[in-house]
Amino acid sequence: MSQTKEAWSSRMGVILAVAGSAVGLGNFLRFPGLAAQYGGGAFMIAYFTALLLIGIPIGWAEWTLGRSGGVRGYHSAPGIFHVVMQTPAGKYLGMLGFLIPVMVFMYYVYVEAWCLGYAWLAVTGKLSAGAHFGAIFASYTGIAQDGTAVHFGLESVGFWLVICYAVNFYFIYRGVSKGIELACKWGMPLLIVIALIILGRVLTLGTPDPLKPSQNVLNGLGFMWNPQDVWAGLKNPELWLAASGQIFFTLTVGFGAICCYASYLKKKDDVVLSCLTAAAANEFCEVGLGGLITVPAAFVFLGTAGIVGMGTFGLGFNVLPAVFAQMPYGNFFAFSFFTLLFLAAFTSSLSMLQPGAAFLEEGLGLARKPALALLGLISSFGTLICWWFSKDLKALDTIDFWIGTMMIYLQGFILIIVFGWSKGMGIERGWREAHEGAAMRIPRVFKFIMQWVSPVFLGIVLLMFVLNSVFGWNFSFARPHFAPTGRITDLVGSHHSDVARLAFIFILLCVGFSVLLMHLAGKRWTANPLEKQP
């Protein structure tokens with residue numbers, strides 16, 4: 001069965017789509033929390049170092065690999081790796097580019113539904129009417145007990161979850177230009193306008209409580225951005241791990257989306273400047289908007305106690321509703337903020353579906369409707385697990401850690417190795433292909449960085465992450481200590497979690513199913529290759 005020919009209608013369309021995939025909840029919740037936690041200035045030094053050494057270089061590599069595979073007829077990471085590496089093993093190395101976005105969508109769309117539901121609660125005044133925002137969050141998400149969130153209705157997450165599924169699959173069904181591009185062309189500018197309105201309100205808050213003169217906007221910005229002890233911060237390996245992780249996740253490199261999106265470019269379409277433009281748009285939303293909204297707003301009303309240790313979800317769904325409740329026209333700004341979060345989540349979740357749909361079409365030869373039906377069936381199982389087993393968000397957290405964190409690091413490492421060292425590509429050919437139709441040249445120093453520095457840097461980050469987050473390394477070289485973390489004890493031992501085990505088994509089943517799909521796709525590609533002359 002022949003594939004439907006897809007293409008972007010404009011260069012701006014693909015840039016906004018890639019920027020939309022990158023701009024997500026992490027820009028407005030995770031980044032501000034990390035920057036405040038790790039001391040502002042020191043964190044930003046590590047953050048921009050990671051941007052230059054792994055974020056931008058791996059982005060260039062992924063854009064180049066995607067376009068190279070696309071002009072040969074492949075639009076999913078397994079297919080692209082298969083044709084670029086010129087080996088049957090390529091599809092298995094690219095498998096994570098199918099598995100990761102599909103499995104991340106399973107829980108990300110659930111959180112997306114929280115945002116839409118909270119926007120409804122805000123516009124109806126029921127969010128500000130509740131004094132105990134932690135209780136509202138617990139009731140809405142079901143973190144107190146499994147199964148308690150499985151309800152339908154305008155004030156329940158179930159209704160909004162169905163809406164989110166329907167909207168996502170509607171735009172994916174419409175295709176690349178009429179669906180994804182259209183959604184991002186409208187969604188991204190609207191997102192930025194809303195963010196600027198909220199930012200204007202935050203920066204004009206002054207000192208809301210005269211009895212607490214220290215809790216003012218300037219001090220709130222200082223809490224976020226003042227350097228503090230930069231040298232002490234930079235000596236902390238945990239800070240570098242957090243900064244590198246944030247860069248990796250915020251740009252969605254190694255995720256599979258950029259590879260897929262770039263595959264719909266023509267051979268002479270620019271990837272160098274397009275990559276930089278999309279990254280710049282993301283950084284503007286993260287540093288210029290997210291970094292100036294969330295933490296200062298929380299600080300002026302609640303002080304440091306409202307920020308430190310709150311975590312991503314706590315900051316977004318407990319702290320900020322309390323902030324908006326104390327703000328003039330709070331319901332309007334709460335509605336605007338959660339609409340902003342929904343738009344950020346929506347443009348990201350679209351990028352999670354397209355790689356899966358593209359693989360099912362080219363790998364199994366399915367038409368668009370059957371491919372999306374199968375994709376919807378697969379993803380709904382994972383969403384139901386996260387939705388039902390909601391206590392302490394254990395199922396969601398387990399899938400997020402092993403797939404949405406660990407596997408993204410691994411896929412990014414594989415990607416930069418394939419670009420710089422594989423037989424089918426290699427740094428010389430990769431460098432030439434990156435500059436095909438380029439609107440600007442990459443500084444030559446990045447040739448060395450992409451071949452040597454980025455793989456080593458990312459390899460160290462991946463190793464440190466596993467040692468710390470899985471095996472409990474204390475970040476000490478002089479007196480190293482290891483104590484298995486909850487990631488291990490949740491799965492084995494007398495204090496294991498049945499839900500974590502169930503979620504992990506589900507992950508293993510999805511991995512096994514993906515391997516089977518790769519095998520079937522490989523047989524099809526061998527018998528009926530899709531390759532076109534680039």
# chains A, B, ... in the order shown; residues from 1 in each chain; ligands from 1

$ closest_atom_pairs --of "region 204-254 of chain A" --to "region 41-51 of chain A" --cutoff "12 Å" --atoms "only C-alpha atoms" --output "CSV"
residue,atom,partner,partner_atom,distance
A:Leu221,CA,A:Gly41,CA,11.9
A:Gly222,CA,A:Gly41,CA,10.2
A:Phe223,CA,A:Gly41,CA,10.3
A:Met224,CA,A:Gly41,CA,8.6
A:Trp225,CA,A:Gly41,CA,5.9
A:Asn226,CA,A:Gly41,CA,6.0
A:Pro227,CA,A:Gly41,CA,3.9
A:Gln228,CA,A:Gly41,CA,7.0
A:Asp229,CA,A:Ala42,CA,7.5
A:Val230,CA,A:Ala42,CA,4.6
A:Trp231,CA,A:Ala42,CA,7.3
A:Ala232,CA,A:Ala42,CA,8.3
A:Gly233,CA,A:Ala42,CA,5.5
A:Leu234,CA,A:Ala42,CA,5.9
A:Lys235,CA,A:Ala42,CA,9.5
A:Asn236,CA,A:Ala42,CA,9.7
A:Pro237,CA,A:Ala46,CA,10.3
A:Glu238,CA,A:Phe43,CA,10.3
A:Leu239,CA,A:Phe43,CA,6.5
A:Trp240,CA,A:Ala46,CA,5.8
A:Leu241,CA,A:Ala46,CA,9.0
A:Ala242,CA,A:Phe43,CA,8.4
A:Ala243,CA,A:Tyr47,CA,4.7
A:Ser244,CA,A:Ala50,CA,5.3
A:Gly245,CA,A:Ala50,CA,8.8
A:Gln246,CA,A:Tyr47,CA,7.7
A:Ile247,CA,A:Leu51,CA,6.0
A:Phe248,CA,A:Leu51,CA,8.2
A:Phe249,CA,A:Leu51,CA,11.1
A:Thr250,CA,A:Leu51,CA,10.2
A:Leu251,CA,A:Leu51,CA,9.1
A:Val253,CA,A:Leu51,CA,11.1

$ write_last_selection --atoms "N, CA and C atoms" --output "short mmCIF file (atom, residue, chain, number, x, y, z; two decimals), in the first residue's frame"
data_model
loop_
_atom_site.label_atom_id
_atom_site.label_comp_id
_atom_site.auth_asym_id
_atom_site.auth_seq_id
_atom_site.Cartn_x
_atom_site.Cartn_y
_atom_site.Cartn_z
N LEU A 221 12.13 38.13 41.53
CA LEU A 221 13.04 37.95 40.41
C LEU A 221 14.45 37.63 40.91
N GLY A 222 14.83 38.26 42.03
CA GLY A 222 16.14 37.99 42.61
C GLY A 222 16.25 36.56 43.09
N PHE A 223 15.17 36.05 43.71
CA PHE A 223 15.18 34.66 44.17
C PHE A 223 15.40 33.71 42.99
N MET A 224 14.86 34.08 41.84
CA MET A 224 14.98 33.24 40.65
C MET A 224 16.34 33.39 39.98
N TRP A 225 16.86 34.64 39.91
CA TRP A 225 17.97 34.90 39.01
C TRP A 225 19.28 35.31 39.68
N ASN A 226 19.25 35.74 40.94
CA ASN A 226 20.51 36.16 41.56
C ASN A 226 21.51 35.02 41.59
N PRO A 227 22.81 35.31 41.34
CA PRO A 227 23.81 34.24 41.19
C PRO A 227 24.03 33.41 42.45
N GLN A 228 23.92 34.02 43.64
CA GLN A 228 24.26 33.35 44.89
C GLN A 228 25.71 32.85 44.80
N ASP A 229 26.02 31.68 45.34
CA ASP A 229 27.39 31.18 45.31
C ASP A 229 27.58 30.33 44.05
N VAL A 230 28.03 30.99 42.97
CA VAL A 230 28.12 30.31 41.67
C VAL A 230 29.12 29.16 41.72
N TRP A 231 30.28 29.40 42.30
CA TRP A 231 31.32 28.37 42.27
C TRP A 231 30.90 27.13 43.05
N ALA A 232 30.29 27.33 44.20
CA ALA A 232 29.80 26.19 44.98
C ALA A 232 28.75 25.42 44.20
N GLY A 233 27.89 26.16 43.49
CA GLY A 233 26.87 25.50 42.70
C GLY A 233 27.45 24.69 41.56
N LEU A 234 28.45 25.25 40.87
CA LEU A 234 29.03 24.56 39.72
C LEU A 234 29.82 23.33 40.14
N LYS A 235 30.24 23.25 41.40
CA LYS A 235 30.96 22.07 41.88
C LYS A 235 30.01 20.93 42.23
N ASN A 236 28.70 21.21 42.17
CA ASN A 236 27.71 20.21 42.54
C ASN A 236 27.31 19.38 41.31
N PRO A 237 27.68 18.10 41.25
CA PRO A 237 27.32 17.28 40.08
C PRO A 237 25.81 17.21 39.85
N GLU A 238 25.04 17.28 40.93
CA GLU A 238 23.59 17.19 40.80
C GLU A 238 23.03 18.37 39.99
N LEU A 239 23.65 19.55 40.15
CA LEU A 239 23.22 20.72 39.39
C LEU A 239 23.44 20.48 37.90
N TRP A 240 24.60 19.95 37.53
CA TRP A 240 24.89 19.71 36.11
C TRP A 240 23.94 18.67 35.54
N LEU A 241 23.61 17.67 36.34
CA LEU A 241 22.69 16.64 35.90
C LEU A 241 21.30 17.24 35.65
N ALA A 242 20.86 18.10 36.57
CA ALA A 242 19.55 18.73 36.43
C ALA A 242 19.51 19.66 35.23
N ALA A 243 20.56 20.46 35.04
CA ALA A 243 20.61 21.41 33.92
C ALA A 243 20.66 20.68 32.58
N SER A 244 21.48 19.64 32.50
CA SER A 244 21.60 18.88 31.25
C SER A 244 20.29 18.17 30.93
N GLY A 245 19.65 17.62 31.96
CA GLY A 245 18.39 16.95 31.76
C GLY A 245 17.32 17.90 31.26
N GLN A 246 17.30 19.11 31.81
CA GLN A 246 16.30 20.08 31.38
C GLN A 246 16.50 20.49 29.93
N ILE A 247 17.75 20.70 29.52
CA ILE A 247 18.03 21.03 28.12
C ILE A 247 17.59 19.90 27.21
N PHE A 248 17.91 18.69 27.62
CA PHE A 248 17.59 17.53 26.79
C PHE A 248 16.09 17.40 26.60
N PHE A 249 15.34 17.57 27.69
CA PHE A 249 13.90 17.39 27.62
C PHE A 249 13.21 18.58 26.96
N THR A 250 13.68 19.79 27.24
CA THR A 250 12.97 20.95 26.73
C THR A 250 13.09 21.08 25.22
N LEU A 251 14.20 20.63 24.64
CA LEU A 251 14.36 20.69 23.19
C LEU A 251 13.82 19.45 22.50
N VAL A 253 15.13 16.65 22.03
CA VAL A 253 16.10 15.92 21.22
C VAL A 253 16.12 14.45 21.67
#

$ closest_residue --among "A:Tyr92, A:Phe504, A:Phe342, A:Phe482" --to "Leu161 (chain A)" --atoms "only C-alpha atoms"
A:Phe342

$ closest_residue --among "A:Ile100, A:Val123, A:Leu53, A:Val14" --to "Gly330 (chain A)" --atoms "only C-alpha atoms"
A:Val123

$ residues_around --residues "Cys275 (chain A)" --least-positions-apart "4" --cutoff "7 Å" --atoms "only C-alpha atoms" --output "NGL selection string"
:A and (59-60 or 271 or 279)

$ residues_around --residues "region 519-529 of chain A" --least-positions-apart "4" --cutoff "10 Å" --atoms "only C-alpha atoms" --output "PDB file with C-alpha atoms, in the first residue's frame"
ATOM      1  CA  ARG A  72      14.426   8.368   0.745  1.00  0.00           C
ATOM      2  CA  GLY A  73      10.809   7.788   1.698  1.00  0.00           C
ATOM      3  CA  TYR A  74      11.017   7.089   5.461  1.00  0.00           C
ATOM      4  CA  PRO A  78      13.110   3.094  12.818  1.00  0.00           C
ATOM      5  CA  GLY A  79      12.755   3.609   9.074  1.00  0.00           C
ATOM      6  CA  HIS A  82      17.207   1.560   8.755  1.00  0.00           C
ATOM      7  CA  VAL A  83      17.939   3.433   5.530  1.00  0.00           C
ATOM      8  CA  PRO A  88      19.027  -4.382   9.420  1.00  0.00           C
ATOM      9  CA  ALA A  89      20.047  -3.455  12.967  1.00  0.00           C
ATOM     10  CA  GLY A  90      19.245   0.192  12.243  1.00  0.00           C
ATOM     11  CA  LYS A  91      15.503  -0.216  12.728  1.00  0.00           C
ATOM     12  CA  TYR A  92      16.068  -1.642  16.215  1.00  0.00           C
ATOM     13  CA  PHE A 359       5.813   4.109  11.555  1.00  0.00           C
ATOM     14  CA  LEU A 360       2.551   2.155  11.429  1.00  0.00           C
ATOM     15  CA  GLU A 361       1.906   3.505   7.934  1.00  0.00           C
ATOM     16  CA  GLU A 362       5.328   2.811   6.465  1.00  0.00           C
ATOM     17  CA  GLY A 363       6.269  -0.181   8.614  1.00  0.00           C
ATOM     18  CA  LEU A 364       3.029  -2.160   8.426  1.00  0.00           C
ATOM     19  CA  GLY A 365       1.582  -0.607   5.259  1.00  0.00           C
ATOM     20  CA  PHE A 513       5.496  -5.578  20.997  1.00  0.00           C
ATOM     21  CA  SER A 514       7.705  -2.866  19.475  1.00  0.00           C
ATOM     22  CA  VAL A 515      10.445  -5.397  18.712  1.00  0.00           C
TER      23      VAL A 515
END

$ closest_atom_pairs --of "region 154-191 of chain A" --to "region 18-35 of chain A" --cutoff "9 Å" --atoms "only C-alpha atoms" --output "JSON lines"
{"residue": "A:Cys184", "atom": "CA", "partner": "A:Gly20", "partner_atom": "CA", "distance": 6.2}
{"residue": "A:Gly187", "atom": "CA", "partner": "A:Gly20", "partner_atom": "CA", "distance": 8.1}
{"residue": "A:Met188", "atom": "CA", "partner": "A:Gly20", "partner_atom": "CA", "distance": 6.4}

$ residues_around --residues "Ile414 (chain A)" --least-positions-apart "4" --cutoff "10 Å" --atoms "only C-alpha atoms" --output "JSON, numbers by chain"
{"A": [93, 94, 96, 254, 408, 409, 410, 418, 419, 455, 459]}

$ write_last_selection --atoms "C-alpha atoms" --output "PDB file, in the first residue's frame"
ATOM      1  CA  LEU A  93      18.357   1.253  17.166  1.00  0.00           C
ATOM      2  CA  GLY A  94      15.638   3.614  15.988  1.00  0.00           C
ATOM      3  CA  LEU A  96      12.948   4.076  20.773  1.00  0.00           C
ATOM      4  CA  GLY A 254      16.274  12.129  21.053  1.00  0.00           C
ATOM      5  CA  ILE A 408      15.218   9.558  26.057  1.00  0.00           C
ATOM      6  CA  TYR A 409      18.796   9.861  27.316  1.00  0.00           C
ATOM      7  CA  LEU A 410      19.634   6.532  25.685  1.00  0.00           C
ATOM      8  CA  VAL A 418      24.758   7.230  14.503  1.00  0.00           C
ATOM      9  CA  PHE A 419      25.314  10.745  13.141  1.00  0.00           C
ATOM     10  CA  PRO A 455      28.739  11.783  22.869  1.00  0.00           C
ATOM     11  CA  GLY A 459      27.459   9.491  28.018  1.00  0.00           C
TER      12      GLY A 459
END

$ residues_around --residues "region 388-404 of chain A" --least-positions-apart "2" --cutoff "10 Å" --atoms "only C-alpha atoms" --output "PyMOL selection string"
chain A and resi 96+99-108+110-111+138+141-150+249+255+382-386+406-410+469+487+490+497-504+506-507

$ atom_distance --atom1 "CA of Ser10 (chain A)" --atom2 "CA of Ile80 (chain A)"
22.4 Å

$ select_by_dssp --residues "region 203-435 of chain A" --states "helix (DSSP H, G or I)" --output "ChimeraX atom specification"
/A:203,217-225,230-234,237-250,257-262,272-302,304-306,311-325,330-364,368-388,391-421,426-434

$ closest_atom_pairs --of "region 309-375 of chain A" --to "region 280-300 of chain A" --cutoff "8 Å" --atoms "only C-alpha atoms" --output "Markdown table"
| residue | atom | partner | partner_atom | distance |
| --- | --- | --- | --- | --- |
| A:Val319 | CA | A:Ala298 | CA | 6.9 |
| A:Leu320 | CA | A:Ala298 | CA | 6.5 |
| A:Val323 | CA | A:Ala298 | CA | 6.1 |

$ closest_residue --among "A:Ala166, A:Val511, A:Leu265, A:Leu182" --to "Lys5 (chain A)" --atoms "only C-alpha atoms"
A:Leu265

$ decode --residues "region 337-381 of chain A" --atoms "C-alpha atoms" --output "PDB file, in the first residue's frame"
ATOM      1  CA  PHE A 337      -2.535  30.333  32.814  1.00  0.00           C
ATOM      2  CA  PHE A 338      -4.111  26.887  32.576  1.00  0.00           C
ATOM      3  CA  THR A 339      -5.154  27.593  28.982  1.00  0.00           C
ATOM      4  CA  LEU A 340      -1.506  28.455  28.376  1.00  0.00           C
ATOM      5  CA  LEU A 341      -0.446  25.137  29.927  1.00  0.00           C
ATOM      6  CA  PHE A 342      -3.010  23.277  27.828  1.00  0.00           C
ATOM      7  CA  LEU A 343      -1.764  24.865  24.591  1.00  0.00           C
ATOM      8  CA  ALA A 344       1.836  24.056  25.534  1.00  0.00           C
ATOM      9  CA  ALA A 345       0.873  20.462  26.311  1.00  0.00           C
ATOM     10  CA  PHE A 346      -1.294  20.113  23.191  1.00  0.00           C
ATOM     11  CA  THR A 347       1.369  21.236  20.710  1.00  0.00           C
ATOM     12  CA  SER A 348       3.748  18.791  22.404  1.00  0.00           C
ATOM     13  CA  SER A 349       1.349  15.845  22.464  1.00  0.00           C
ATOM     14  CA  LEU A 350       0.737  16.185  18.715  1.00  0.00           C
ATOM     15  CA  SER A 351       4.438  15.537  18.185  1.00  0.00           C
ATOM     16  CA  MET A 352       4.119  12.319  20.200  1.00  0.00           C
ATOM     17  CA  LEU A 353       1.471  10.836  17.912  1.00  0.00           C
ATOM     18  CA  GLN A 354       2.939  11.612  14.492  1.00  0.00           C
ATOM     19  CA  PRO A 355       6.076   9.381  14.869  1.00  0.00           C
ATOM     20  CA  GLY A 356       3.885   6.438  15.850  1.00  0.00           C
ATOM     21  CA  ALA A 357       1.411   7.037  13.031  1.00  0.00           C
ATOM     22  CA  ALA A 358       4.232   7.409  10.497  1.00  0.00           C
ATOM     23  CA  PHE A 359       5.813   4.109  11.555  1.00  0.00           C
ATOM     24  CA  LEU A 360       2.551   2.155  11.429  1.00  0.00           C
ATOM     25  CA  GLU A 361       1.906   3.505   7.934  1.00  0.00           C
ATOM     26  CA  GLU A 362       5.328   2.811   6.465  1.00  0.00           C
ATOM     27  CA  GLY A 363       6.269  -0.181   8.614  1.00  0.00           C
ATOM     28  CA  LEU A 364       3.029  -2.160   8.426  1.00  0.00           C
ATOM     29  CA  GLY A 365       1.582  -0.607   5.259  1.00  0.00           C
ATOM     30  CA  LEU A 366      -1.525   0.645   7.046  1.00  0.00           C
ATOM     31  CA  ALA A 367      -3.685   3.465   5.745  1.00  0.00           C
ATOM     32  CA  ARG A 368      -4.150   6.541   7.933  1.00  0.00           C
ATOM     33  CA  LYS A 369      -7.407   5.468   9.596  1.00  0.00           C
ATOM     34  CA  PRO A 370      -6.313   1.934  10.604  1.00  0.00           C
ATOM     35  CA  ALA A 371      -2.930   3.287  11.748  1.00  0.00           C
ATOM     36  CA  LEU A 372      -4.567   5.853  14.019  1.00  0.00           C
ATOM     37  CA  ALA A 373      -7.107   3.301  15.266  1.00  0.00           C
ATOM     38  CA  LEU A 374      -4.281   0.953  16.301  1.00  0.00           C
ATOM     39  CA  LEU A 375      -2.312   3.846  17.785  1.00  0.00           C
ATOM     40  CA  GLY A 376      -5.354   4.961  19.765  1.00  0.00           C
ATOM     41  CA  LEU A 377      -5.941   1.434  21.053  1.00  0.00           C
ATOM     42  CA  ILE A 378      -2.320   1.003  22.153  1.00  0.00           C
ATOM     43  CA  SER A 379      -2.065   4.407  23.836  1.00  0.00           C
ATOM     44  CA  SER A 380      -5.442   4.118  25.596  1.00  0.00           C
ATOM     45  CA  PHE A 381      -4.264   1.056  27.547  1.00  0.00           C
TER      46      PHE A 381
END
